[in-house]
Every structure is written in structure tokens, then in C-alpha cells.
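Novice: Next up, upload_26.cif (mmCIF, C-alpha atoms).
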data_model
loop_
_atom_site.label_atom_id
_atom_site.label_comp_id
_atom_site.auth_asym_id
_atom_site.auth_seq_id
_atom_site.Cartn_x
_atom_site.Cartn_y
_atom_site.Cartn_z
CA MET K 233 160.01 103.57 106.29
CA GLN K 234 158.08 105.99 108.52
CA ILE K 235 154.42 106.40 107.57
CA GLU K 236 154.79 110.18 108.06
CA LEU K 237 157.01 110.26 104.97
CA LEU K 238 154.25 108.77 102.83
CA ASP K 239 151.62 111.08 104.34
CA THR K 240 153.82 114.09 103.58
CA PHE K 241 154.56 112.92 100.04
CA LEU K 242 150.87 112.35 99.25
CA ASP K 243 149.78 115.64 100.76
CA LEU K 244 152.43 117.55 98.82
CA ALA K 245 151.47 115.70 95.65
CA GLU K 246 147.95 117.08 96.18
CA THR K 247 148.71 120.64 97.28
CA ARG K 248 151.85 121.20 95.16
CA SER K 249 152.85 123.68 97.86
CA PHE K 250 155.32 123.17 100.72
CA HIS K 251 153.66 126.04 102.58
CA ARG K 252 150.14 124.60 102.20
CA SER K 253 151.25 121.10 103.17
CA SER K 254 153.01 122.39 106.25
CA GLU K 255 149.77 124.08 107.33
CA ARG K 256 147.63 121.01 106.65
CA LEU K 257 150.03 118.64 108.38
CA GLY K 258 150.70 120.97 111.30
CA VAL K 259 154.48 120.99 110.87
CA THR K 260 157.07 123.49 109.66
CA GLN K 261 158.09 123.81 106.01
CA SER K 262 161.56 122.63 106.96
CA THR K 263 160.00 119.44 108.36
CA VAL K 264 158.13 118.89 105.10
CA SER K 265 161.38 119.39 103.18
CA ALA K 266 163.26 117.02 105.48
CA ARG K 267 160.61 114.32 105.12
CA VAL K 268 160.63 114.62 101.34
CA ALA K 269 164.43 114.42 101.31
CA ALA K 270 164.35 111.32 103.53
CA LEU K 271 161.79 109.63 101.30
CA GLU K 272 163.75 110.48 98.16
CA GLN K 273 166.84 108.99 99.75
CA ALA K 274 164.90 105.85 100.71
CA VAL K 275 163.51 105.26 97.20
CA GLY K 276 166.67 106.43 95.44
CA SER K 277 164.98 109.00 93.18
CA ARG K 278 164.02 112.65 93.16
CA LEU K 279 160.23 112.86 93.55
CA PHE K 280 159.54 116.60 93.24
CA ASP K 281 160.73 119.49 91.11
CA ARG K 282 160.59 122.76 93.05
CA SER K 283 160.75 126.11 91.26
CA ARG K 284 159.35 129.62 91.43
CA ALA K 285 156.36 128.40 89.45
CA GLY K 286 155.51 125.85 92.13
CA THR K 287 156.13 122.23 93.04
CA ASP K 288 155.51 119.38 90.61
CA LEU K 289 155.98 115.65 90.70
CA THR K 290 158.88 114.31 88.69
CA PRO K 291 158.21 111.36 86.36
CA GLU K 292 159.55 109.13 89.13
CA GLY K 293 157.23 110.83 91.61
CA LYS K 294 154.22 110.23 89.37
CA ARG K 295 155.10 106.54 89.11
CA PHE K 296 155.59 106.32 92.87
CA GLU K 297 152.30 108.04 93.81
CA PRO K 298 149.89 105.07 93.35
CA HIS K 299 152.31 102.82 95.25
CA ALA K 300 152.45 105.37 98.07
CA ARG K 301 148.66 105.41 98.32
CA THR K 302 148.60 101.62 98.46
CA LEU K 303 151.35 101.47 101.08
CA ARG K 304 149.58 103.98 103.32
CA HIS K 305 146.27 102.16 102.99
CA GLU K 306 147.86 98.79 103.73
CA TRP K 307 149.64 100.19 106.78
CA ASN K 308 146.46 101.57 108.33
CA GLU K 309 144.53 98.40 107.55
CA ALA K 310 147.28 96.30 109.10
CA ARG K 311 147.19 98.36 112.29
CA ARG K 312 143.44 97.93 112.55
CA ARG K 313 143.47 94.20 111.81
CA ILE K 314 145.46 93.51 114.95
CA GLN K 315 143.06 95.53 117.14
CA ILE K 316 139.99 93.30 116.71
CA PRO K 317 137.84 93.16 119.88
CA TYR K 318 137.97 89.88 121.80
CA GLY K 319 135.56 87.29 120.45
CA ALA K 320 135.09 88.93 117.03
CA ALA K 321 136.35 87.48 113.78
CA GLN K 322 136.87 90.90 112.20
CA LEU K 323 136.42 94.62 112.79
CA LEU K 324 134.70 96.91 110.30
CA ARG K 325 134.98 100.67 110.59
CA LEU K 326 131.95 102.42 109.12
CA GLY K 327 131.33 106.07 108.34
CA ILE K 328 127.86 107.54 107.96
CA GLN K 329 126.76 110.99 106.88
CA ASN K 330 125.94 113.01 109.97
CA ASP K 331 122.47 113.85 108.74
CA LEU K 332 121.54 110.18 108.27
CA ALA K 333 122.84 108.84 111.58
CA ALA K 334 119.88 109.74 113.78
CA MET K 335 117.29 108.24 111.42
CA TYR K 336 119.02 105.21 109.94
CA LEU K 337 121.95 104.13 112.09
CA GLY K 338 120.02 101.89 114.46
CA ASP K 339 118.26 99.93 111.71
CA TRP K 340 121.43 99.58 109.66
CA VAL K 341 123.59 98.32 112.49
CA ALA K 342 120.88 95.86 113.57
CA GLU K 343 120.81 94.46 110.03
CA PHE K 344 124.60 94.47 109.74
CA ARG K 345 124.94 92.49 112.97
CA ALA K 346 122.25 90.02 111.93
CA ALA K 347 123.98 89.44 108.60
CA LEU K 348 127.52 89.44 110.08
CA PRO K 349 127.19 88.09 113.65
CA SER K 350 130.94 87.52 114.13
CA THR K 351 131.86 91.06 113.09
CA ALA K 352 132.57 93.98 115.43
CA PHE K 353 131.66 97.46 114.23
CA TYR K 354 133.20 100.87 114.87
CA ILE K 355 130.85 103.62 113.63
CA GLU K 356 131.71 107.26 113.05
CA PRO K 357 129.11 109.85 111.92
CA ASP K 358 130.96 112.41 109.79
CA TYR K 359 130.92 114.55 106.66
CA SER K 360 131.61 113.38 103.12
CA ASN K 361 135.03 114.98 102.60
CA GLN K 362 136.46 113.47 105.77
CA MET K 363 134.98 110.04 105.06
CA CYS K 364 136.52 110.04 101.58
CA ALA K 365 139.90 110.91 103.11
CA ASP K 366 139.52 108.15 105.72
CA LEU K 367 138.61 105.57 103.08
CA LEU K 368 141.73 106.51 101.13
CA THR K 369 144.01 106.09 104.11
CA GLY K 370 142.38 102.85 105.32
CA ILE K 371 140.92 104.35 108.49
CA LEU K 372 137.41 103.48 107.25
CA ASP K 373 136.26 100.33 105.44
CA PHE K 374 132.84 101.51 104.26
CA ALA K 375 130.92 104.79 104.24
CA VAL K 376 127.49 106.16 103.39
CA MET K 377 127.62 109.77 102.22
CA PHE K 378 126.03 112.62 100.30
CA SER K 379 128.97 114.01 98.30
CA PRO K 380 131.35 111.53 96.64
CA LYS K 381 134.79 112.95 95.96
CA PRO K 382 136.10 111.40 92.73
CA HIS K 383 139.42 109.63 93.18
CA PRO K 384 141.05 106.72 91.32
CA ASP K 385 141.26 104.72 94.57
CA LEU K 386 137.60 105.15 95.56
CA HIS K 387 134.46 103.42 94.29
CA PHE K 388 130.94 104.81 94.75
CA ASP K 389 127.55 103.15 94.33
CA SER K 390 124.31 105.12 94.21
CA VAL K 391 121.95 103.58 96.78
CA GLY K 392 118.98 105.95 96.38
CA ASP K 393 118.08 109.29 97.91
CA VAL K 394 116.44 110.93 100.90
CA THR K 395 113.71 113.56 100.83
CA TYR K 396 113.73 116.84 102.73
CA ARG K 397 110.48 118.72 103.38
CA MET K 398 109.78 122.20 104.59
CA VAL K 399 108.04 122.66 107.94
CA SER K 400 107.05 125.83 109.75
CA THR K 401 105.80 127.04 113.10
CA GLU K 402 104.08 129.97 111.34
CA THR K 403 102.46 129.18 108.01
CA PRO K 404 101.48 126.35 105.64
CA LEU K 405 102.05 128.57 102.58
CA LEU K 406 105.40 129.07 100.84
CA ALA K 407 104.51 132.64 99.85
CA GLU K 408 104.18 133.53 103.54
CA VAL K 409 107.53 132.05 104.63
CA ARG K 410 109.74 134.99 105.63
CA PRO K 411 113.47 134.83 104.76
CA GLU K 412 114.38 136.50 108.06
CA ARG K 413 112.59 133.64 109.88
CA PHE K 414 113.96 130.85 107.67
CA VAL K 415 116.82 128.47 108.46
CA PHE K 416 118.67 127.80 105.21
CA ALA K 417 120.13 124.27 104.87
CA HIS K 418 123.44 123.38 103.22
CA PHE K 419 123.49 119.60 103.76
CA SER K 420 125.77 119.17 100.73
CA PRO K 421 127.02 121.44 97.91
CA ALA K 422 124.53 119.89 95.48
CA PHE K 423 121.67 120.26 97.97
CA GLU K 424 122.55 123.90 98.64
CA GLU K 425 122.59 124.70 94.92
CA MET K 426 119.22 122.97 94.39
CA HIS K 427 117.81 124.82 97.41
CA ARG K 428 118.94 128.17 96.00
CA GLN K 429 117.52 127.43 92.55
CA LEU K 430 114.11 126.23 93.74
CA THR K 431 113.62 128.73 96.57
CA PRO K 432 115.77 131.74 95.63
CA GLU K 433 113.67 134.09 97.73
CA LEU K 434 114.83 132.25 100.89
CA ALA K 435 118.57 132.31 100.13
CA ALA K 436 118.92 135.59 102.02
CA SER K 437 118.21 133.84 105.32
CA PRO K 438 120.51 135.11 108.12
CA VAL K 439 121.02 131.57 109.49
CA SER K 440 122.39 128.59 107.55
CA VAL K 441 123.35 125.16 108.94
CA GLY K 442 124.49 121.79 107.60
CA GLN K 443 122.48 119.25 109.61
CA SER K 444 118.79 118.43 109.75
CA GLY K 445 119.06 118.02 113.52
CA ALA K 446 120.52 121.53 113.79
CA VAL K 447 117.63 122.94 111.74
CA VAL K 448 115.19 121.28 114.15
CA SER K 449 117.02 122.63 117.20
CA LEU K 450 116.97 126.18 115.83
CA LEU K 451 113.31 126.01 114.86
CA MET K 452 112.33 124.57 118.22
CA ALA K 453 114.12 127.41 119.99
CA MET K 454 113.28 130.35 117.73
CA GLY K 455 110.36 129.29 115.53
CA GLY K 456 110.26 129.88 111.81
CA SER K 457 110.61 127.57 108.81
CA GLY K 458 113.16 125.22 107.26
CA TYR K 459 113.87 121.96 105.47
CA VAL K 460 114.31 118.77 107.51
CA LEU K 461 114.41 115.07 106.68
CA GLU K 462 111.02 113.69 105.62
CA LYS K 463 110.80 111.33 108.61
CA THR K 464 111.67 114.20 110.94
CA ALA K 465 109.07 116.43 109.29
CA ASP K 466 106.39 113.78 109.85
CA GLN K 467 107.30 113.54 113.53
CA LEU K 468 107.31 117.32 114.04
CA VAL K 469 103.93 117.71 112.37
CA ALA K 470 102.47 114.80 114.36
CA ASP K 471 103.61 116.46 117.60
CA GLY K 472 101.43 119.44 116.72
CA ARG K 473 103.89 122.32 117.00
CA PHE K 474 104.85 122.40 113.30
CA MET K 475 102.85 122.41 110.10
CA PRO K 476 103.96 121.25 106.64
CA VAL K 477 104.51 123.95 104.04
CA GLU K 478 102.41 122.04 101.53
CA ASP K 479 103.28 123.97 98.37
CA ALA K 480 107.03 124.06 99.02
CA PRO K 481 109.01 121.77 96.70
CA ASP K 482 110.47 118.60 98.16
CA LEU K 483 114.26 118.50 97.90
CA ARG K 484 115.89 115.14 97.22
CA GLN K 485 119.47 114.34 98.22
CA PRO K 486 121.27 111.40 96.52
CA VAL K 487 122.99 108.92 98.84
CA TYR K 488 126.11 106.90 97.99
CA ALA K 489 127.91 103.91 99.45
CA ALA K 490 131.68 104.30 99.23
CA ILE K 491 134.60 101.89 99.54
CA HIS K 492 138.25 101.71 98.64
CA ILE K 493 138.63 100.35 95.10
CA ARG K 494 140.55 97.32 96.32
CA HIS K 495 137.39 96.14 98.16
CA ARG K 496 135.08 96.61 95.20
CA THR K 497 134.63 92.91 94.42
CA GLN K 498 134.58 91.62 97.98
CA PRO K 499 131.26 89.96 98.97
CA LEU K 500 131.31 91.61 102.40
CA HIS K 501 131.29 95.14 101.02
CA ARG K 502 128.68 94.26 98.39
CA LYS K 503 126.47 92.92 101.19
CA LEU K 504 126.77 96.15 103.17
CA THR K 505 125.84 98.17 100.08
CA GLN K 506 122.76 95.99 99.48
CA LEU K 507 121.61 96.33 103.08
CA VAL K 508 121.94 100.12 102.97
CA ALA K 509 120.17 100.39 99.59
CA ARG K 510 117.08 98.65 100.98
CA HIS K 511 116.28 101.78 103.00
CA PHE K 512 116.15 104.21 100.07
CA GLY K 513 113.84 104.61 97.13
#
Please express what this file holds, its structure, as C-alpha cells.

Specialist:
Amino acid sequence: MQIELLDTFLDLAETRSFHRSSERLGVTQSTVSARVAALEQAVGSRLFDRSRAGTDLTPEGKRFEPHARTLRHEWNEARRRIQIPYGAAQLLRLGIQNDLAAMYLGDWVAEFRAALPSTAFYIEPDYSNQMCADLLTGILDFAVMFSPKPHPDLHFDSVGDVTYRMVSTETPLLAEVRPERFVFAHFSPAFEEMHRQLTPELAASPVSVGQSGAVVSLLMAMGGSGYVLEKTADQLVADGRFMPVEDAPDLRQPVYAAIHIRHRTQPLHRKLTQLVARHFG
């Protein structure tokens, strides 16, 4: 069976639209239809009902869906298991939230390698949605993220949170922070909502970005105010160009370790979660 058939089936099961799946997969609708027909022929059952109201899984399709997810995950894991670098006993592919990579990646990998000396690591900074998708397909083994996406095949552990603090090149007082000179941060949907609720007067900022490093770059170039990671804020203030906005509320972002559900009880993945959790309060 071609893996593209499973990918198409699972995408269509999610979108319930041949048109939407064709756009997401980058193929024509006729290709989506042909792949579905080939898969139905292979399993010997009709998997979708298509009507003017939309596309729905048949009872057979609903029963096949969890098996399709498992097959796709196993296929990607199998491909990776035969690509282990020379001299390593195993390869682990790790995802880390973009905003955490600069501050935590070095310490984490040093601890991972000390705890697992025969393991090779492939590390990919990314965003939560993509990491959840990669865990589902078996492209990633373990991820640290801000926004868990609930799914029956994924398991999430809360490992703590990180603090963001407001800094400014202009003023230490929140009342004097000007929206037109503020960089609004949307590090995650939950963070953005908290930011809007606690500092509604700054939500009209003309510039909004999704990484602490990007906030720093903009403030360094243009001046103004914005929220950055606590460790970054301390460094910027120590360098003398920025000042803390002392009366601005700290914003705390929860952090989660994520794995595929089939790895939930494995000692290796529990060890990674414990090592990550040591860095958060």
C-alpha cells in the first residue's frame, strides 16, 4: 500500500472536503478521488459517503481511521529507524517551541546527551501545530511546546511555565508606554488572549510578532516597548539600553512535553520529560 493513500484518507477524514484536502496536499481533486478509490479497493470497503451536504466517513471508514493513523506512524518510524547515524544506538527526533530554543536548547541537549550517551539527536525548532502534526505522523519522537492540540493519539504533560516581562527603551512606567511604539506579542493563542486582557490599551499596536527574538530585534532597531522572555529581559536591562517596565504585569506561558500515546509508558520518553521539567518552575 502506498503511504500517500493513508495520508490522503486521514486528511480527508479531518477536512471532510475533497477541495480542502486537495489544497492542503497540493494535488488535484481528481487525484484525491483516485487515491480514495484505490484505498477503498485495497481494503475492500467504501470509506466515505459523498453528498451535497459534504463528505463523511462511513462506519467502515470510522473503524479504519485509528488503524490508518497507526500504520502511518509505524511507517515513518520504520523509515527513521534505519537511518541511525553511524556509531549511535538510536536516533531521537526532537521538536522545541521556537521561542524556547535560544534560551534552553543548549542546556537540554547537554543533559540529554549526558543521560543518553549512545543516542543521536535531530532537533527542529518549530511551532506547536506543526510539532503536533509531526508527532502524529511519526516524524518527531518528542516535543516541547506552548499549545497542545488535543488528539486521541497524543499525550501531553505539563512541565511548568516561562515568564515574559515588559522592557522598554523609553519608560519604566506602564502608563507611559505608547501603543504606537509597542510590539504586541502573540507567542501562542492563550498568551495573546492573556496579553489582550491584562493590557488592553496596548492591543492596538501596529506591529505584532510571534517570537521573543523577533520582539528583541524590532525593539533594538526601532526602540519602544514589548514583552520578552524573562532571561532575555534581564540581559537587555543589564546591557543598559533597556529598562524594565516595573508595574507591567508579568505574563506566564505554560509549557508542555508531548509524545505519541504509544510512547507514553516508555522510560526513555519519561526521562526526557523529567529533564525538561527541571528547567521550569

Novice: So what does the PyMOL selection byres ((chain K and resi 254) around 12) actually pick up in this one, as a PyMOL selection string?

Specialist: chain K and resi 239-241+243-244+247-253+255-268

Novice: Run the PyMOL selection byres ((chain K and resi 381-394) around 7) on the file and write out the hits as a VMD selection string.

Specialist: chain K and resid 361 364 368 379 to 380 395 to 396 484 to 493 496 509 512 to 513

Novice: Excluding segment 466-479 of chain K and any residue of its chain fewer than 4 positions from it, enumerate the residues within 10 Å of it, using all atoms listed in the file, and give them as number ranges by chain.

Specialist: K: 397-409, 448, 451-452, 455-462

Novice: Just how far from atom CA of Tyr318 of chain K is atom CA of Val508 of chain K, in Å to one decimal?

Specialist: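 Between atom CA of Val508 of chain K and atom CA of Tyr318 of chain K the gap is 26.8 Å.
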
Novice: Since I can't run it myself right now, could you work out what the PyMOL selection byres ((chain K and resi 504) around 12) selects here and report it as a PyMOL selection string?

Specialist: chain K and resi 324-326+340-348+373-376+389+391+488-491+495-496+498-503+505-511
